[in-house]
>>> print(open('start_33.cif').read())   # mmCIF, C-alpha atoms and all ligand atoms
data_work
#
loop_
_atom_site.group_PDB
_atom_site.id
_atom_site.type_symbol
_atom_site.label_atom_id
_atom_site.label_comp_id
_atom_site.auth_asym_id
_atom_site.auth_seq_id
_atom_site.Cartn_x
_atom_site.Cartn_y
_atom_site.Cartn_z
ATOM 1 C CA MET A 1 108.901 93.959 72.422
ATOM 2 C CA LYS A 2 105.624 92.055 72.631
ATOM 3 C CA VAL A 3 106.869 89.452 70.150
ATOM 4 C CA GLY A 4 109.971 88.933 72.304
ATOM 5 C CA SER A 5 108.016 88.449 75.537
ATOM 6 C CA ASP A 6 105.581 86.064 73.813
ATOM 7 C CA ALA A 7 108.481 84.068 72.495
ATOM 8 C CA MET A 8 109.976 83.985 75.969
ATOM 9 C CA LYS A 9 106.704 82.826 77.506
ATOM 10 C CA HIS A 10 106.415 80.116 74.862
ATOM 11 C CA LYS A 11 109.986 79.064 75.514
ATOM 12 C CA LYS A 12 109.341 78.855 79.259
ATOM 13 C CA GLU A 13 106.180 76.792 78.739
ATOM 14 C CA HIS A 14 108.017 74.573 76.287
ATOM 15 C CA ALA A 15 110.938 74.109 78.669
ATOM 16 C CA TYR A 16 108.450 73.043 81.331
ATOM 17 C CA THR A 17 107.433 70.062 79.210
ATOM 18 C CA VAL A 18 111.014 68.688 79.010
ATOM 19 C CA LYS A 19 110.754 65.675 81.228
ATOM 20 C CA VAL A 20 112.020 62.602 79.409
ATOM 21 C CA LYS A 21 115.581 61.493 80.017
ATOM 22 C CA VAL A 22 117.614 59.228 77.772
ATOM 23 C CA SER A 23 117.818 56.881 80.771
ATOM 24 C CA ASP A 24 113.992 56.547 80.594
ATOM 25 C CA LEU A 25 114.376 55.164 77.072
ATOM 26 C CA THR A 26 116.879 52.531 78.193
ATOM 27 C CA GLN A 27 114.632 51.651 81.154
ATOM 28 C CA TYR A 28 111.731 51.223 78.720
ATOM 29 C CA LEU A 29 113.655 48.569 76.844
ATOM 30 C CA ILE A 30 114.171 46.628 80.085
ATOM 31 C CA CYS A 31 110.503 46.974 81.040
ATOM 32 C CA PRO A 32 108.070 49.819 80.172
ATOM 33 C CA ARG A 33 106.464 49.537 83.602
ATOM 34 C CA LEU A 34 109.704 50.620 85.263
ATOM 35 C CA VAL A 35 109.204 53.982 83.538
ATOM 36 C CA TYR A 36 105.617 54.098 84.800
ATOM 37 C CA PHE A 37 106.450 53.441 88.451
ATOM 38 C CA ARG A 38 109.369 55.853 88.450
ATOM 39 C CA ALA A 39 107.222 58.530 86.824
ATOM 40 C CA LYS A 40 104.705 58.029 89.623
ATOM 41 C CA GLY A 41 107.395 58.943 92.109
ATOM 42 C CA HIS A 42 108.187 55.412 93.280
ATOM 43 C CA GLU A 43 111.870 55.943 92.633
ATOM 44 C CA GLN A 44 113.892 53.413 94.536
ATOM 45 C CA THR A 45 115.864 55.178 97.226
ATOM 46 C CA GLY A 46 119.254 53.885 98.288
ATOM 47 C CA ILE A 47 120.800 50.642 97.116
ATOM 48 C CA ALA A 48 118.751 47.437 97.332
ATOM 49 C CA LYS A 49 120.035 44.920 99.864
ATOM 50 C CA GLY A 50 122.535 42.497 98.406
ATOM 51 C CA LYS A 51 123.285 44.781 95.468
ATOM 52 C CA GLU A 52 125.855 46.995 97.215
ATOM 53 C CA ARG A 53 128.954 45.147 96.031
ATOM 54 C CA GLY A 54 127.794 45.115 92.401
ATOM 55 C CA ILE A 55 126.965 48.826 92.473
ATOM 56 C CA ILE A 56 130.335 49.751 94.009
ATOM 57 C CA GLU A 57 132.168 47.629 91.418
ATOM 58 C CA SER A 58 130.231 49.303 88.595
ATOM 59 C CA ILE A 59 131.133 52.745 89.927
ATOM 60 C CA LEU A 60 134.817 51.810 90.212
ATOM 61 C CA LEU A 61 134.796 50.342 86.696
ATOM 62 C CA LYS A 62 133.163 53.472 85.335
ATOM 63 C CA GLU A 63 135.836 55.641 86.923
ATOM 64 C CA LEU A 64 138.474 53.363 85.408
ATOM 65 C CA ALA A 65 136.901 53.953 81.980
ATOM 66 C CA PHE A 66 137.089 57.722 82.493
ATOM 67 C CA ASN A 67 140.813 57.409 83.171
ATOM 68 C CA LEU A 68 141.995 54.890 80.623
ATOM 69 C CA HIS A 69 144.209 57.523 79.040
ATOM 70 C CA ILE A 70 146.525 57.121 82.058
ATOM 71 C CA ILE A 71 146.989 53.423 81.293
ATOM 72 C CA TYR A 72 147.156 54.145 77.569
ATOM 73 C CA GLY A 73 149.810 56.831 78.216
ATOM 74 C CA GLU A 74 151.992 54.261 79.954
ATOM 75 C CA ARG A 75 152.643 52.786 76.520
ATOM 76 C CA LYS A 76 154.901 55.731 75.926
ATOM 77 C CA GLY A 77 156.327 55.650 79.439
ATOM 78 C CA GLU A 78 154.467 58.833 80.393
ATOM 79 C CA GLY A 79 152.819 57.555 83.531
ATOM 80 C CA LYS A 80 155.607 55.891 85.504
ATOM 81 C CA GLY A 81 156.677 59.046 87.326
ATOM 82 C CA LYS A 82 160.334 58.105 87.498
ATOM 83 C CA GLY A 83 162.706 60.862 88.462
ATOM 84 C CA LYS A 84 166.373 61.090 87.624
ATOM 85 C CA GLY A 85 168.359 58.427 89.426
ATOM 86 C CA GLU A 86 165.244 56.687 90.744
ATOM 87 C CA GLU A 87 164.883 52.930 90.449
ATOM 88 C CA PRO A 88 162.137 51.986 87.982
ATOM 89 C CA GLU A 89 159.089 50.489 89.691
ATOM 90 C CA SER A 90 158.263 46.854 89.126
ATOM 91 C CA GLU A 91 155.363 46.183 86.721
ATOM 92 C CA GLU A 92 153.294 44.963 89.655
ATOM 93 C CA ALA A 93 153.926 48.030 91.833
ATOM 94 C CA SER A 94 153.388 50.363 88.913
ATOM 95 C CA ALA A 95 150.025 48.750 88.038
ATOM 96 C CA LYS A 96 148.856 49.018 91.637
ATOM 97 C CA ILE A 97 149.843 52.688 91.888
ATOM 98 C CA ILE A 98 148.007 53.540 88.678
ATOM 99 C CA ILE A 99 144.784 51.813 89.740
ATOM 100 C CA GLU A 100 144.958 53.276 93.258
ATOM 101 C CA ASP A 101 145.404 56.705 91.751
ATOM 102 C CA ILE A 102 142.407 56.252 89.451
ATOM 103 C CA VAL A 103 139.992 55.149 92.184
ATOM 104 C CA ASP A 104 141.275 57.659 94.722
ATOM 105 C CA GLY A 105 138.453 60.060 95.527
ATOM 106 C CA VAL A 106 135.689 57.943 93.957
ATOM 107 C CA GLU A 107 133.587 58.275 97.120
ATOM 108 C CA LYS A 108 133.676 62.054 96.716
ATOM 109 C CA ILE A 109 132.775 61.997 93.011
ATOM 110 C CA TYR A 110 129.881 59.556 93.525
ATOM 111 C CA LYS A 111 128.841 60.909 96.942
ATOM 112 C CA GLU A 112 125.110 60.751 96.207
ATOM 113 C CA GLU A 113 125.177 57.224 94.760
ATOM 114 C CA LEU A 114 127.275 55.880 97.651
ATOM 115 C CA LYS A 115 125.640 57.733 100.521
ATOM 116 C CA ASP A 116 124.000 54.620 102.010
ATOM 117 C CA VAL A 117 127.004 52.317 101.591
ATOM 118 C CA GLU A 118 128.922 51.369 104.727
ATOM 119 C CA LYS A 119 132.466 52.682 104.697
ATOM 120 C CA ASP A 120 134.004 49.313 105.601
ATOM 121 C CA LEU A 121 132.207 47.552 102.756
ATOM 122 C CA PHE A 122 133.236 50.256 100.313
ATOM 123 C CA GLU A 123 136.888 50.024 101.372
ATOM 124 C CA ALA A 124 136.840 46.205 101.123
ATOM 125 C CA VAL A 125 135.355 46.256 97.597
ATOM 126 C CA LYS A 126 137.801 48.981 96.587
ATOM 127 C CA GLU A 127 140.741 46.914 97.833
ATOM 128 C CA ASP A 128 139.509 43.846 95.896
ATOM 129 C CA PHE A 129 139.063 46.021 92.833
ATOM 130 C CA ILE A 130 142.587 47.450 93.049
ATOM 131 C CA ARG A 131 143.986 43.928 93.404
ATOM 132 C CA SER A 132 141.996 42.441 90.499
ATOM 133 C CA GLN A 133 142.592 45.379 88.160
ATOM 134 C CA SER A 134 146.305 45.407 88.976
ATOM 135 C CA MET A 135 146.329 41.736 87.959
ATOM 136 C CA ASN A 136 144.458 42.698 84.800
ATOM 137 C CA MET A 137 147.150 45.226 84.051
ATOM 138 C CA GLU A 138 149.775 42.562 84.398
ATOM 139 C CA ASN A 139 147.643 40.350 82.188
ATOM 140 C CA ASP A 140 148.911 40.928 78.705
ATOM 141 C CA LYS A 141 145.623 40.225 76.927
ATOM 142 C CA TRP A 142 143.651 42.878 78.858
ATOM 143 C CA LEU A 143 146.420 45.436 78.598
ATOM 144 C CA ARG A 144 146.928 44.817 74.900
ATOM 145 C CA LYS A 145 143.275 45.641 74.272
ATOM 146 C CA ILE A 146 143.792 49.006 75.961
ATOM 147 C CA ARG A 147 147.092 49.900 74.408
ATOM 148 C CA ASN A 148 147.131 48.409 70.921
ATOM 149 C CA GLU A 149 145.220 49.811 67.994
ATOM 150 C CA ASN A 150 142.574 51.329 70.148
ATOM 151 C CA GLY A 151 140.627 53.698 67.875
ATOM 152 C CA LEU A 152 138.744 55.265 70.745
ATOM 153 C CA LEU A 153 141.761 55.996 72.929
ATOM 154 C CA GLU A 154 143.666 57.362 69.934
ATOM 155 C CA LEU A 155 140.799 59.777 69.355
ATOM 156 C CA GLU A 156 140.712 60.690 73.055
ATOM 157 C CA GLU A 157 144.439 61.297 73.040
ATOM 158 C CA ALA A 158 144.238 63.524 69.967
ATOM 159 C CA HIS A 159 141.098 65.501 70.811
ATOM 160 C CA GLY A 160 140.317 64.952 74.485
ATOM 161 C CA TYR A 161 136.745 64.437 75.599
ATOM 162 C CA GLU A 162 134.139 66.172 77.660
ATOM 163 C CA ARG A 163 132.987 64.111 80.612
ATOM 164 C CA GLU A 164 129.248 63.647 81.266
ATOM 165 C CA HIS A 165 128.155 66.328 78.839
ATOM 166 C CA THR A 166 124.526 67.243 79.571
ATOM 167 C CA MET A 167 122.113 68.265 76.821
ATOM 168 C CA VAL A 168 118.516 69.466 76.844
ATOM 169 C CA SER A 169 116.289 69.647 73.786
ATOM 170 C CA GLU A 170 113.067 71.570 74.117
ATOM 171 C CA LYS A 171 112.008 70.376 70.689
ATOM 172 C CA LEU A 172 112.369 66.696 71.577
ATOM 173 C CA CYS A 173 111.296 67.266 75.210
ATOM 174 C CA MET A 174 114.289 65.162 76.160
ATOM 175 C CA SER A 175 117.507 65.560 78.102
ATOM 176 C CA GLY A 176 120.519 63.359 78.653
ATOM 177 C CA SER A 177 124.082 63.215 79.855
ATOM 178 C CA VAL A 178 126.492 61.354 77.597
ATOM 179 C CA ASP A 179 129.498 59.734 79.320
ATOM 180 C CA LYS A 180 132.114 61.072 76.879
ATOM 181 C CA LEU A 181 131.795 63.512 74.007
ATOM 182 C CA ILE A 182 134.655 63.784 71.536
ATOM 183 C CA ARG A 183 134.779 66.714 69.105
ATOM 184 C CA THR A 184 137.150 66.470 66.154
ATOM 185 C CA GLU A 185 137.414 68.985 63.293
ATOM 186 C CA GLU A 186 135.047 66.855 61.222
ATOM 187 C CA GLU A 187 132.666 65.190 63.644
ATOM 188 C CA VAL A 188 131.134 64.875 67.081
ATOM 189 C CA ILE A 189 131.275 61.403 68.603
ATOM 190 C CA PRO A 190 129.251 60.225 71.619
ATOM 191 C CA CYS A 191 130.675 57.408 73.778
ATOM 192 C CA ILE A 192 128.913 55.401 76.451
ATOM 193 C CA ILE A 193 130.489 53.273 79.171
ATOM 194 C CA LYS A 194 128.923 49.924 80.033
ATOM 195 C CA THR A 195 129.925 47.843 83.009
ATOM 196 C CA GLY A 196 127.771 44.849 82.077
ATOM 197 C CA ARG A 197 128.237 41.983 79.647
ATOM 198 C CA CYS A 198 129.706 42.590 76.208
ATOM 199 C CA PRO A 199 127.995 41.031 73.163
ATOM 200 C CA GLU A 200 129.990 38.679 70.964
ATOM 201 C CA TYR A 201 129.806 41.064 68.011
ATOM 202 C CA ASN A 202 129.004 44.739 67.600
ATOM 203 C CA VAL A 203 126.942 46.355 70.406
ATOM 204 C CA TRP A 204 123.607 45.599 72.101
ATOM 205 C CA LYS A 205 120.482 47.003 70.458
ATOM 206 C CA SER A 206 119.716 49.105 73.565
ATOM 207 C CA ASP A 207 123.203 50.660 73.343
ATOM 208 C CA ARG A 208 122.663 51.576 69.674
ATOM 209 C CA MET A 209 119.322 53.144 70.565
ATOM 210 C CA GLN A 210 120.932 55.084 73.434
ATOM 211 C CA LEU A 211 123.660 56.406 71.124
ATOM 212 C CA ALA A 212 121.008 57.423 68.580
ATOM 213 C CA ALA A 213 119.145 59.371 71.291
ATOM 214 C CA TYR A 214 122.371 61.210 72.198
ATOM 215 C CA ALA A 215 123.065 61.821 68.504
ATOM 216 C CA MET A 216 119.721 63.598 68.163
ATOM 217 C CA LEU A 217 120.395 65.687 71.279
ATOM 218 C CA ILE A 218 123.843 66.679 69.979
ATOM 219 C CA GLU A 219 122.384 67.690 66.619
ATOM 220 C CA GLU A 220 119.706 69.792 68.360
ATOM 221 C CA GLU A 221 122.312 71.424 70.589
ATOM 222 C CA ASP A 222 124.759 72.245 67.826
ATOM 223 C CA GLU A 223 122.045 73.843 65.673
ATOM 224 C CA SER A 224 124.329 73.312 62.713
ATOM 225 C CA GLU A 225 124.432 70.836 59.894
ATOM 226 C CA THR A 226 126.159 68.304 62.158
ATOM 227 C CA THR A 227 125.050 64.742 61.566
ATOM 228 C CA VAL A 228 126.334 62.352 64.176
ATOM 229 C CA LYS A 229 127.273 59.262 62.245
ATOM 230 C CA LYS A 230 129.006 57.044 64.746
ATOM 231 C CA GLY A 231 129.550 56.386 68.418
ATOM 232 C CA PHE A 232 131.508 54.129 70.731
ATOM 233 C CA VAL A 233 130.481 51.713 73.441
ATOM 234 C CA GLU A 234 133.129 50.885 76.027
ATOM 235 C CA TYR A 235 132.465 47.499 77.606
ATOM 236 C CA ILE A 236 134.972 48.243 80.287
ATOM 237 C CA ARG A 237 134.790 44.969 82.231
ATOM 238 C CA THR A 238 136.404 43.112 79.324
ATOM 239 C CA ALA A 239 138.103 46.171 77.791
ATOM 240 C CA GLU A 240 136.157 45.887 74.530
ATOM 241 C CA PHE A 241 135.817 49.173 72.660
ATOM 242 C CA ARG A 242 133.212 48.905 69.930
ATOM 243 C CA GLU A 243 132.640 51.525 67.288
ATOM 244 C CA THR A 244 129.156 51.503 65.812
ATOM 245 C CA GLN A 245 127.394 53.418 63.048
ATOM 246 C CA ILE A 246 124.278 55.286 64.117
ATOM 247 C CA ARG A 247 121.729 54.201 61.535
ATOM 248 C CA ARG A 248 118.284 55.389 60.534
ATOM 249 C CA ARG A 249 116.665 52.406 62.217
ATOM 250 C CA ASP A 250 118.371 53.263 65.545
ATOM 251 C CA ARG A 251 117.073 56.822 65.341
ATOM 252 C CA ALA A 252 113.605 55.541 64.432
ATOM 253 C CA LEU A 253 113.632 53.203 67.431
ATOM 254 C CA ALA A 254 114.765 55.990 69.785
ATOM 255 C CA LEU A 255 111.970 58.289 68.524
ATOM 256 C CA HIS A 256 109.391 55.507 68.759
ATOM 257 C CA ILE A 257 110.356 54.780 72.371
ATOM 258 C CA LEU A 258 110.441 58.505 73.181
ATOM 259 C CA LYS A 259 106.769 58.745 72.104
ATOM 260 C CA ARG A 260 105.866 55.694 74.199
ATOM 261 C CA VAL A 261 107.665 57.076 77.246
ATOM 262 C CA LYS A 262 105.808 60.386 76.912
ATOM 263 C CA ARG A 263 102.504 58.483 76.932
ATOM 264 C CA ILE A 264 103.544 56.489 79.991
ATOM 265 C CA LYS A 265 104.626 59.655 81.782
ATOM 266 C CA GLY A 266 101.216 61.062 80.844
ATOM 267 C CA GLY A 267 99.606 58.288 82.909
ATOM 268 C CA VAL A 268 99.189 55.278 80.581
ATOM 269 C CA PHE A 269 99.939 51.980 82.354
ATOM 270 C CA PRO A 270 101.938 49.904 79.838
ATOM 271 C CA ASP A 271 102.213 46.166 79.224
ATOM 272 C CA LYS A 272 105.176 44.484 80.846
ATOM 273 C CA GLY A 273 108.345 43.958 78.837
ATOM 274 C CA VAL A 274 108.821 40.634 77.042
ATOM 275 C CA ASN A 275 111.924 39.828 79.068
ATOM 276 C CA ALA A 276 110.992 41.873 82.141
ATOM 277 C CA PRO A 277 113.280 40.951 85.051
ATOM 278 C CA CYS A 278 110.386 40.634 87.549
ATOM 279 C CA ASP A 279 112.198 38.277 89.936
ATOM 280 C CA LYS A 280 114.706 40.967 90.910
ATOM 281 C CA CYS A 281 112.465 44.013 90.469
ATOM 282 C CA VAL A 282 111.792 46.379 93.378
ATOM 283 C CA PHE A 283 108.315 47.129 91.985
ATOM 284 C CA GLU A 284 107.140 43.500 91.859
ATOM 285 C CA GLU A 285 104.523 43.889 94.598
ATOM 286 C CA MET A 286 103.264 47.200 93.248
ATOM 287 C CA CYS A 287 103.048 45.714 89.773
ATOM 288 C CA GLU A 288 100.919 42.769 90.935
ATOM 289 C CA THR A 289 98.566 45.029 92.894
ATOM 290 C CA LYS A 290 98.094 47.326 89.903
ATOM 291 C CA LYS A 291 97.443 44.343 87.591
ATOM 292 C CA THR A 292 94.861 42.854 89.975
ATOM 293 C CA LEU A 293 93.157 46.229 90.311
ATOM 294 C CA LEU A 294 92.936 46.633 86.534
ATOM 295 C CA SER A 295 91.604 43.066 86.126
ATOM 296 C CA THR A 296 88.884 43.775 88.682
ATOM 297 C CA LEU A 297 87.909 47.046 87.034
ATOM 298 C CA PHE A 298 88.035 45.986 83.387
ATOM 299 C CA GLY A 299 87.877 42.204 83.547
ATOM 300 C CA LYS A 300 91.290 41.985 81.846
HETATM 301 S S1 LIG B 1 107.686 43.598 88.286
HETATM 302 FE FE1 LIG B 1 108.210 42.972 86.194
HETATM 303 S S2 LIG B 1 106.603 43.899 84.920
HETATM 304 FE FE2 LIG B 1 106.561 44.956 86.905
HETATM 305 S S3 LIG B 1 107.874 46.737 86.657
HETATM 306 FE FE3 LIG B 1 109.138 45.114 87.506
HETATM 307 S S4 LIG B 1 110.065 44.138 85.742
HETATM 308 FE FE4 LIG B 1 108.352 45.326 84.979
#
>>> encode(input="start_33.cif", output="structure tokens", more="lines below")
Ligand code: SF4
Amino acid sequence: MKVGSDAMKHKKEHAYTVKVKVSDLTQYLICPRLVYFRAKGHEQTGIAKGKERGIIESILLKELAFNLHIIYGERKGEGKGKGKGEEPESEEASAKIIIEDIVDGVEKIYKEELKDVEKDLFEAVKEDFIRSQSMNMENDKWLRKIRNENGLLELEEAHGYEREHTMVSEKLCMSGSVDKLIRTEEEVIPCIIKTGRCPEYNVWKSDRMQLAAYAMLIEEEDESETTVKKGFVEYIRTAEFRETQIRRRDRALALHILKRVKRIKGGVFPDKGVNAPCDKCVFEEMCETKKTLLSTLFGK
């Protein structure tokens, strides 16, 4: 009995230390000081002025990525919804209906993220999005990328996926929510959705590191002999679906950054990132003040 309660106490204490998120690791790669300021409670609230349109577009694109199976299913004529005796819809009308259907209800799903966005602006961006994506669907090149030889969508069609699967590892003191998790008989495959630029080849280093962090969380969660060997990155803006192997060096990088993030969250003020985007950073003023203060104190 005593052993059990001790174990429970230990577990509770251990759980208390879980405070690093996978998103902290990706932030670290942009600039380690972002992790510092956020850990100090300076989380940016709301959407920065001038960024609203970009944020709304990213949310709409992400929702599109979660529903690509609808577009993929159209290949087999599953999604047209034609009843007996009904006239088939034109390609243009069909594309518009599909996109409208996908983005319908987005404001409810992303209620928290969109709470400060004006309704009129949201509706205007949504309308533009429906128009441009409908054109994309009529654009053969974009559609071909979705429908032809798409390893990821074939896997999704065969095995389904779990959306935004959340994992917590007490051992790693890390948690994270992976966009899509596919489980086949042989393997577990994490997938992340990116609304930014797609690299010419393969995937960005930060995306490989992020997949490696999820791989480690999955392996901790499954408590089996599972080794996550590969993942997918969906660069949805250009409909590029990249499969990538999760290598030792990606895992090593994720663990290295995890250690650094823990130190920062413990109070260490880090150096700025090599390519830190200071000109569009909400912490710019705070960062300068802190630097000046440290220079005064330590003559740095
Ligand atoms: S101002 Fe620059 S160095 Fe400071 S947190 Fe922002 S990006 Fe990093």
>>> closest_residue(input="start_33.cif", among="A:Tyr214, A:Ala39, A:Lys272, A:Lys290", to="ligand LIG 1 (chain B)", atoms="only C-alpha atoms and all ligand atoms")
A:Lys272
>>> resolve_selection(input="start_33.cif", expression="the PyMOL selection byres (((not hetatm)) within 6 of (chain B and resi 1))", output="ChimeraX atom specification")
/A:31,33-34,272,276-278,281,283-284,287
>>> residues_around(input="start_33.cif", residues="A:Lys126", least_positions_apart="3", cutoff="10 Å", atoms="only C-alpha atoms", output="VMD selection string")
chain A and resid 53 56 to 57 60 100 103 to 104 106 120 to 123 129 to 132
>>> closest_atom_pairs(input="start_33.cif", of="stretch 132-194 of chain A", to="stretch 240-261 of chain A", cutoff="8 Å", atoms="all atoms listed in the file", output="Markdown table")
| residue | atom | partner | partner_atom | distance |
| --- | --- | --- | --- | --- |
| A:Lys145 | CA | A:Glu240 | CA | 7.1 |
| A:Asn150 | CA | A:Phe241 | CA | 7.5 |
| A:Leu152 | CA | A:Phe241 | CA | 7.0 |
>>> closest_residue(input="start_33.cif", among="A:Val268, A:Ile102, A:Leu155, A:Val125", to="A:Lys62", atoms="all atoms listed in the file")
A:Ile102
>>> residues_around(input="start_33.cif", residues="A:Phe269", least_positions_apart="4", cutoff="10 Å", atoms="all atoms listed in the file", output="list in words")
Pro32, Arg33, Val35, Tyr36, Phe37, Arg263, Ile264, Lys265, Lys290, Lys291 and Leu294 of chain A
>>> residues_around(input="start_33.cif", residues="stretch 133-137 of chain A", least_positions_apart="5", cutoff="7 Å", atoms="only C-alpha atoms", output="PyMOL selection string")
chain A and resi 95-96+99+142-143
>>> resolve_selection(input="start_33.cif", expression="the PyMOL selection byres (((chain A and resi 194) around 6) and not hetatm)", output="PyMOL selection string")
chain A and resi 193+195-196+234-235
>>> write_last_selection(input="start_33.cif", atoms="C-alpha atoms", output="PDB file, in the coordinates of the input")
ATOM      1  CA  ILE A 193     130.489  53.273  79.171  1.00  0.00           C
ATOM      2  CA  THR A 195     129.925  47.843  83.009  1.00  0.00           C
ATOM      3  CA  GLY A 196     127.771  44.849  82.077  1.00  0.00           C
ATOM      4  CA  GLU A 234     133.129  50.885  76.027  1.00  0.00           C
ATOM      5  CA  TYR A 235     132.465  47.499  77.606  1.00  0.00           C
TER       6      TYR A 235
END
>>> closest_residue(input="start_33.cif", among="A:Ala124, A:Ile59, A:Leu181, A:Met174", to="A:Tyr161", atoms="only C-alpha atoms")
A:Leu181
>>> resolve_selection(input="start_33.cif", expression="the PyMOL selection byres (((chain A and resi 67-70) around 9) and not hetatm)", output="list in words")
Lys62, Glu63, Leu64, Ala65, Phe66, Ile71, Tyr72, Gly73, Glu74, Glu78, Gly79, Ile98, Ile102, Ile146, Leu153, Glu156 and Glu157 of chain A
>>> closest_residue(input="start_33.cif", among="A:Val178, A:Leu211, A:Ile189, A:Cys173", to="A:His159", atoms="all atoms listed in the file")
A:Ile189
>>> atom_distance(input="start_33.cif", atom1="atom CA of A:Glu185", atom2="atom CA of A:Lys21")
28.5 Å
>>> atom_distance(input="start_33.cif", atom1="atom CA of A:Val233", atom2="atom CA of A:Asp101")
24.1 Å
>>> residues_near_point(input="start_33.cif", point="(120.6, 69.7, 80.3)", cutoff="12 Å", atoms="all atoms listed in the file", output="count of residues only")
24
>>> atom_distance(input="start_33.cif", atom1="atom CA of A:Gly50", atom2="atom CA of A:Lys119")
15.6 Å
>>> closest_residue(input="start_33.cif", among="A:Arg197, A:Val282, A:Lys108, A:Asp271", to="A:His42", atoms="all atoms listed in the file")
A:Val282
>>> axis_aligned_box(input="start_33.cif", around="stretch 92-102 of chain A", padding_each_side="5 Å", output="lines of an AutoDock Vina configuration file")
center_x = 148.2
center_y = 50.8
center_z = 90.6
size_x = 21.5
size_y = 21.7
size_z = 15.2
>>> decode(input="start_33.cif", residues="stretch 103-108 of chain A", atoms="all heavy atoms", output="PDB file, in the first residue's frame")
ATOM      1  N   VAL A 103     -14.796  24.851 -45.389  1.00  0.00           N
ATOM      2  CA  VAL A 103     -14.531  25.971 -44.473  1.00  0.00           C
ATOM      3  C   VAL A 103     -15.755  26.365 -43.637  1.00  0.00           C
ATOM      4  O   VAL A 103     -15.653  27.214 -42.752  1.00  0.00           O
ATOM      5  CB  VAL A 103     -13.972  27.220 -45.211  1.00  0.00           C
ATOM      6  CG1 VAL A 103     -12.635  26.895 -45.868  1.00  0.00           C
ATOM      7  CG2 VAL A 103     -14.950  27.749 -46.235  1.00  0.00           C
ATOM      8  N   ASP A 104     -16.878  25.698 -43.903  1.00  0.00           N
ATOM      9  CA  ASP A 104     -18.079  26.000 -43.131  1.00  0.00           C
ATOM     10  C   ASP A 104     -17.844  25.608 -41.666  1.00  0.00           C
ATOM     11  O   ASP A 104     -17.469  24.478 -41.381  1.00  0.00           O
ATOM     12  CB  ASP A 104     -19.260  25.198 -43.721  1.00  0.00           C
ATOM     13  CG  ASP A 104     -20.543  25.502 -42.981  1.00  0.00           C
ATOM     14  OD1 ASP A 104     -20.769  26.682 -42.679  1.00  0.00           O
ATOM     15  OD2 ASP A 104     -21.298  24.553 -42.695  1.00  0.00           O
ATOM     16  N   GLY A 105     -18.053  26.534 -40.776  1.00  0.00           N
ATOM     17  CA  GLY A 105     -17.902  26.220 -39.351  1.00  0.00           C
ATOM     18  C   GLY A 105     -16.502  26.452 -38.806  1.00  0.00           C
ATOM     19  O   GLY A 105     -16.246  26.198 -37.623  1.00  0.00           O
ATOM     20  N   VAL A 106     -15.594  26.961 -39.655  1.00  0.00           N
ATOM     21  CA  VAL A 106     -14.215  27.206 -39.197  1.00  0.00           C
ATOM     22  C   VAL A 106     -14.196  28.133 -37.970  1.00  0.00           C
ATOM     23  O   VAL A 106     -13.442  27.932 -37.023  1.00  0.00           O
ATOM     24  CB  VAL A 106     -13.368  27.791 -40.357  1.00  0.00           C
ATOM     25  CG1 VAL A 106     -12.165  28.558 -39.846  1.00  0.00           C
ATOM     26  CG2 VAL A 106     -12.892  26.658 -41.261  1.00  0.00           C
ATOM     27  N   GLU A 107     -15.062  29.163 -37.992  1.00  0.00           N
ATOM     28  CA  GLU A 107     -15.051  30.111 -36.873  1.00  0.00           C
ATOM     29  C   GLU A 107     -15.455  29.457 -35.550  1.00  0.00           C
ATOM     30  O   GLU A 107     -15.108  29.938 -34.479  1.00  0.00           O
ATOM     31  CB  GLU A 107     -15.916  31.350 -37.173  1.00  0.00           C
ATOM     32  CG  GLU A 107     -17.370  31.103 -37.536  1.00  0.00           C
ATOM     33  CD  GLU A 107     -17.580  30.845 -39.025  1.00  0.00           C
ATOM     34  OE1 GLU A 107     -16.877  29.971 -39.571  1.00  0.00           O
ATOM     35  OE2 GLU A 107     -18.452  31.475 -39.620  1.00  0.00           O
ATOM     36  N   LYS A 108     -16.172  28.344 -35.645  1.00  0.00           N
ATOM     37  CA  LYS A 108     -16.557  27.636 -34.411  1.00  0.00           C
ATOM     38  C   LYS A 108     -15.399  26.744 -33.952  1.00  0.00           C
ATOM     39  O   LYS A 108     -15.117  26.626 -32.772  1.00  0.00           O
ATOM     40  CB  LYS A 108     -17.807  26.783 -34.649  1.00  0.00           C
ATOM     41  CG  LYS A 108     -19.041  27.648 -34.826  1.00  0.00           C
ATOM     42  CD  LYS A 108     -20.299  26.833 -34.733  1.00  0.00           C
ATOM     43  CE  LYS A 108     -21.532  27.712 -34.708  1.00  0.00           C
ATOM     44  NZ  LYS A 108     -21.609  28.644 -35.843  1.00  0.00           N
TER      45      LYS A 108
END
